[in-house]
file model-v2.cif (mmCIF, C-alpha atoms)
data_query
loop_
_atom_site.group_PDB
_atom_site.id
_atom_site.type_symbol
_atom_site.label_atom_id
_atom_site.label_comp_id
_atom_site.auth_asym_id
_atom_site.auth_seq_id
_atom_site.Cartn_x
_atom_site.Cartn_y
_atom_site.Cartn_z
ATOM 1 C CA MET A 6 6.430 -50.756 -25.919
ATOM 2 C CA ASN A 7 2.660 -50.753 -26.210
ATOM 3 C CA GLN A 8 0.846 -50.778 -22.847
ATOM 4 C CA LYS A 9 -2.875 -51.419 -22.505
ATOM 5 C CA ARG A 10 -4.690 -48.988 -20.300
ATOM 6 C CA ARG A 11 -7.073 -50.343 -17.706
ATOM 7 C CA GLY A 12 -10.086 -48.599 -16.196
ATOM 8 C CA PHE A 13 -12.961 -46.488 -17.384
ATOM 9 C CA THR A 14 -12.967 -43.148 -19.078
ATOM 10 C CA LEU A 15 -14.755 -40.220 -17.525
ATOM 11 C CA ILE A 16 -17.436 -40.354 -20.234
ATOM 12 C CA GLU A 17 -18.172 -44.023 -19.494
ATOM 13 C CA LEU A 18 -18.548 -43.277 -15.768
ATOM 14 C CA ILE A 19 -20.886 -40.350 -16.447
ATOM 15 C CA ILE A 20 -23.051 -42.528 -18.716
ATOM 16 C CA VAL A 21 -23.303 -45.276 -16.074
ATOM 17 C CA ILE A 22 -24.168 -42.776 -13.331
ATOM 18 C CA THR A 23 -26.817 -41.203 -15.586
ATOM 19 C CA ILE A 24 -28.387 -44.589 -16.289
ATOM 20 C CA ILE A 25 -28.443 -45.430 -12.560
ATOM 21 C CA GLY A 26 -30.069 -42.050 -11.856
ATOM 22 C CA ILE A 27 -32.780 -42.644 -14.445
ATOM 23 C CA LEU A 28 -33.496 -46.101 -13.026
ATOM 24 C CA ALA A 29 -33.722 -44.608 -9.519
ATOM 25 C CA LEU A 30 -36.191 -41.964 -10.732
ATOM 26 C CA VAL A 31 -38.452 -44.738 -11.994
ATOM 27 C CA ALA A 32 -37.974 -47.198 -9.119
ATOM 28 C CA ILE A 33 -38.314 -44.912 -6.082
ATOM 29 C CA PRO A 34 -41.919 -43.792 -6.762
ATOM 30 C CA LYS A 35 -42.897 -47.434 -7.414
ATOM 31 C CA TYR A 36 -41.318 -48.405 -4.099
ATOM 32 C CA PHE A 37 -43.291 -45.809 -2.163
ATOM 33 C CA ALA A 38 -46.490 -46.764 -3.987
ATOM 34 C CA ASN A 39 -45.964 -50.377 -2.908
ATOM 35 C CA ILE A 40 -45.439 -49.262 0.688
ATOM 36 C CA GLU A 41 -48.769 -47.385 0.626
ATOM 37 C CA LYS A 42 -50.478 -50.393 -0.923
ATOM 38 C CA ALA A 43 -49.170 -52.575 1.911
ATOM 39 C CA ARG A 44 -50.381 -50.051 4.490
ATOM 40 C CA LYS A 45 -53.846 -50.080 2.946
ATOM 41 C CA GLY A 46 -53.832 -53.881 3.149
ATOM 42 C CA GLU A 47 -52.878 -53.646 6.821
ATOM 43 C CA ALA A 48 -55.703 -51.198 7.532
ATOM 44 C CA VAL A 49 -58.328 -53.196 5.646
ATOM 45 C CA SER A 50 -57.265 -56.453 7.294
ATOM 46 C CA THR A 51 -57.486 -54.926 10.769
ATOM 47 C CA MET A 52 -60.850 -53.343 9.979
ATOM 48 C CA ARG A 53 -62.147 -56.746 8.819
ATOM 49 C CA SER A 54 -61.103 -58.261 12.157
ATOM 50 C CA ILE A 55 -62.878 -55.479 14.027
ATOM 51 C CA ARG A 56 -65.950 -55.920 11.795
ATOM 52 C CA GLU A 57 -66.072 -59.666 12.491
ATOM 53 C CA ALA A 58 -65.907 -58.995 16.213
ATOM 54 C CA LEU A 59 -68.635 -56.360 15.998
ATOM 55 C CA MET A 60 -70.869 -58.657 13.955
ATOM 56 C CA GLY A 61 -70.290 -61.490 16.428
ATOM 57 C CA TYR A 62 -71.020 -59.189 19.349
ATOM 58 C CA TYR A 63 -74.201 -58.020 17.622
ATOM 59 C CA SER A 64 -75.370 -61.584 16.960
ATOM 60 C CA VAL A 65 -75.006 -62.460 20.649
ATOM 61 C CA ASN A 66 -76.222 -59.217 22.256
ATOM 62 C CA ASN A 67 -78.537 -57.847 19.545
ATOM 63 C CA ALA A 68 -76.686 -54.526 19.872
ATOM 64 C CA TYR A 69 -73.224 -53.170 19.132
ATOM 65 C CA PRO A 70 -70.791 -52.372 21.962
ATOM 66 C CA ALA A 71 -70.246 -48.747 22.935
ATOM 67 C CA ALA A 72 -68.518 -46.851 20.153
ATOM 68 C CA GLY A 73 -64.768 -47.076 20.225
ATOM 69 C CA THR A 74 -64.585 -49.489 23.166
ATOM 70 C CA PHE A 75 -61.699 -51.970 23.037
ATOM 71 C CA PRO A 76 -61.305 -54.850 23.570
ATOM 72 C CA ILE A 77 -64.344 -56.260 21.819
ATOM 73 C CA ILE A 78 -65.110 -59.636 23.381
ATOM 74 C CA VAL A 79 -67.834 -61.905 22.042
ATOM 75 C CA ILE A 80 -68.984 -64.512 24.566
ATOM 76 C CA VAL A 81 -71.177 -67.485 23.662
ATOM 77 C CA ASP A 82 -72.059 -70.232 26.149
ATOM 78 C CA SER A 83 -69.579 -68.879 28.720
ATOM 79 C CA GLU A 84 -66.690 -69.219 26.267
ATOM 80 C CA THR A 85 -64.729 -66.417 24.673
ATOM 81 C CA VAL A 86 -65.207 -66.796 20.949
ATOM 82 C CA LEU A 87 -63.489 -63.735 19.521
ATOM 83 C CA THR A 88 -61.475 -60.907 21.060
ATOM 84 C CA VAL A 89 -60.152 -57.831 19.299
ATOM 85 C CA ALA A 90 -57.875 -55.639 21.380
ATOM 86 C CA GLN A 91 -56.971 -52.091 20.446
ATOM 87 C CA PRO A 92 -54.916 -52.638 17.292
ATOM 88 C CA LEU A 93 -51.297 -51.694 17.877
ATOM 89 C CA SER A 94 -50.459 -50.252 14.497
ATOM 90 C CA GLY A 95 -47.794 -47.642 14.119
ATOM 91 C CA ASN A 96 -49.438 -46.519 10.894
ATOM 92 C CA PHE A 97 -53.132 -46.134 11.788
ATOM 93 C CA THR A 98 -55.480 -45.430 14.660
ATOM 94 C CA TYR A 99 -58.767 -47.324 14.629
ATOM 95 C CA THR A 100 -62.176 -46.259 15.879
ATOM 96 C CA TYR A 101 -65.664 -47.547 15.292
ATOM 97 C CA THR A 102 -69.282 -46.627 15.716
ATOM 98 C CA ALA A 103 -72.383 -48.731 15.198
ATOM 99 C CA THR A 104 -72.179 -48.168 11.447
ATOM 100 C CA VAL A 105 -68.552 -47.595 10.410
ATOM 101 C CA ILE A 106 -64.994 -48.534 11.270
ATOM 102 C CA THR A 107 -62.383 -45.863 10.617
ATOM 103 C CA ALA A 108 -58.630 -46.261 10.130
ATOM 104 C CA THR A 109 -56.893 -42.872 10.220
ATOM 105 C CA LYS A 110 -53.284 -42.669 9.114
ATOM 106 C CA VAL A 111 -51.178 -41.478 12.025
ATOM 107 C CA THR A 112 -49.804 -38.587 9.986
ATOM 108 C CA GLY A 113 -53.413 -37.618 9.242
ATOM 109 C CA THR A 114 -53.020 -37.628 5.474
ATOM 110 C CA TYR A 115 -55.950 -39.938 4.723
ATOM 111 C CA THR A 116 -58.608 -42.160 6.270
ATOM 112 C CA TYR A 117 -60.122 -45.491 5.303
ATOM 113 C CA THR A 118 -63.738 -46.076 6.277
ATOM 114 C CA MET A 119 -65.451 -49.476 6.286
ATOM 115 C CA ASP A 120 -69.222 -49.798 6.344
ATOM 116 C CA ILE A 121 -69.976 -52.485 8.940
ATOM 117 C CA ALA A 122 -73.091 -53.770 7.187
ATOM 118 C CA SER A 123 -71.593 -54.212 3.709
ATOM 119 C CA GLY A 124 -67.858 -54.423 4.452
ATOM 120 C CA SER A 125 -67.074 -51.916 1.682
ATOM 121 C CA VAL A 126 -64.027 -49.698 2.165
ATOM 122 C CA THR A 127 -63.622 -46.116 0.971
ATOM 123 C CA GLN A 128 -60.701 -43.713 1.215
ATOM 124 C CA THR A 129 -61.140 -40.072 2.172
#
call {"tool": "encode", "arguments": {"input": "model-v2.cif", "output": "structure tokens"}}
result
Amino acid sequence: MNQKRRGFTLIELIIVITIIGILALVAIPKYFANIEKARKGEAVSTMRSIREALMGYYSVNNAYPAAGTFPIIVIVDSETVLTVAQPLSGNFTYTYTATVITATKVTGTYTYTMDIASGSVTQT
């Protein structure tokens, strides 16, 4: 009576677990890098909105609003054209002066700075 055995040997299971571990070692850092890339996109997008509001405010009032004041409201011909409230991001806090907009990561690990005049973004 010849019976066929079903299942996996211990060696086969160890090989599969090793392969899964190697794939995880490669995939996890890529995953976290993509999360940081998305956070940068969030910060830059919000800073662009703030920049547009500041530029609109400047074009109407020939001056920037007081540094760090939210909301920024641009009014033309008694109509509200653009409003930017304090961004409610769990990842960054935003501030601005007459020359730069700053997005500081809540954990304080890095900061993005946007020059209002040129719109260029740098990381510090």
call {"tool": "resolve_selection", "arguments": {"input": "model-v2.cif", "expression": "the PyMOL selection byres ((chain A and resi 65) around 8)", "output": "PyMOL selection string"}}
result
chain A and resi 61-64+66-67+79-81
call {"tool": "resolve_selection", "arguments": {"input": "model-v2.cif", "expression": "the PyMOL selection byres ((chain A and resi 92) around 10)", "output": "CSV table (one decimal) with C-alpha atoms, keeping the file's coordinate frame"}}
result
chain,number,residue,atom,x,y,z
A,48,ALA,CA,-55.7,-51.2,7.5
A,51,THR,CA,-57.5,-54.9,10.8
A,52,MET,CA,-60.8,-53.3,10.0
A,54,SER,CA,-61.1,-58.3,12.2
A,55,ILE,CA,-62.9,-55.5,14.0
A,75,PHE,CA,-61.7,-52.0,23.0
A,76,PRO,CA,-61.3,-54.8,23.6
A,89,VAL,CA,-60.2,-57.8,19.3
A,90,ALA,CA,-57.9,-55.6,21.4
A,91,GLN,CA,-57.0,-52.1,20.4
A,93,LEU,CA,-51.3,-51.7,17.9
A,94,SER,CA,-50.5,-50.3,14.5
A,95,GLY,CA,-47.8,-47.6,14.1
A,97,PHE,CA,-53.1,-46.1,11.8
A,98,THR,CA,-55.5,-45.4,14.7
A,99,TYR,CA,-58.8,-47.3,14.6
A,100,THR,CA,-62.2,-46.3,15.9
call {"tool": "closest_residue", "arguments": {"input": "model-v2.cif", "among": "A:Ser83, A:Thr74, A:Thr112, A:Ser50", "to": "Gly124 of chain A", "atoms": "all atoms listed in the file"}}
result
A:Ser50
call {"tool": "atom_distance", "arguments": {"input": "model-v2.cif", "atom1": "atom CA of Met119 of chain A", "atom2": "atom CA of Thr85 of chain A"}}
result
25.0 Å
call {"tool": "atom_distance", "arguments": {"input": "model-v2.cif", "atom1": "atom CA of Val49 of chain A", "atom2": "atom CA of Val126 of chain A"}}
result
7.5 Å
call {"tool": "residues_around", "arguments": {"input": "model-v2.cif", "residues": "Thr104 of chain A", "least_positions_apart": "4", "cutoff": "9 Å", "atoms": "all atoms listed in the file", "output": "ChimeraX atom specification"}}
result
/A:119-122
call {"tool": "atom_distance", "arguments": {"input": "model-v2.cif", "atom1": "atom CA of Glu47 of chain A", "atom2": "atom CA of Glu84 of chain A"}}
result
28.5 Å
call {"tool": "closest_residue", "arguments": {"input": "model-v2.cif", "among": "A:Ala32, A:Ala38, A:Ala103, A:Leu18", "to": "Ala68 of chain A", "atoms": "only C-alpha atoms"}}
result
A:Ala103
call {"tool": "closest_residue", "arguments": {"input": "model-v2.cif", "among": "A:Ala108, A:Ile24, A:Leu59, A:Ile16", "to": "Ala71 of chain A", "atoms": "only C-alpha atoms"}}
result
A:Leu59
call {"tool": "axis_aligned_box", "arguments": {"input": "model-v2.cif", "around": "segment 62-67 of chain A", "padding_each_side": "3 Å", "output": "JSON"}}
result
{"center_x": -74.8, "center_y": -60.2, "center_z": 19.6, "size_x": 13.5, "size_y": 10.6, "size_z": 11.3}
call {"tool": "closest_residue", "arguments": {"input": "model-v2.cif", "among": "A:Ile77, A:Tyr69, A:Ala43, A:Ser125", "to": "Thr102 of chain A", "atoms": "all atoms listed in the file"}}
result
A:Tyr69
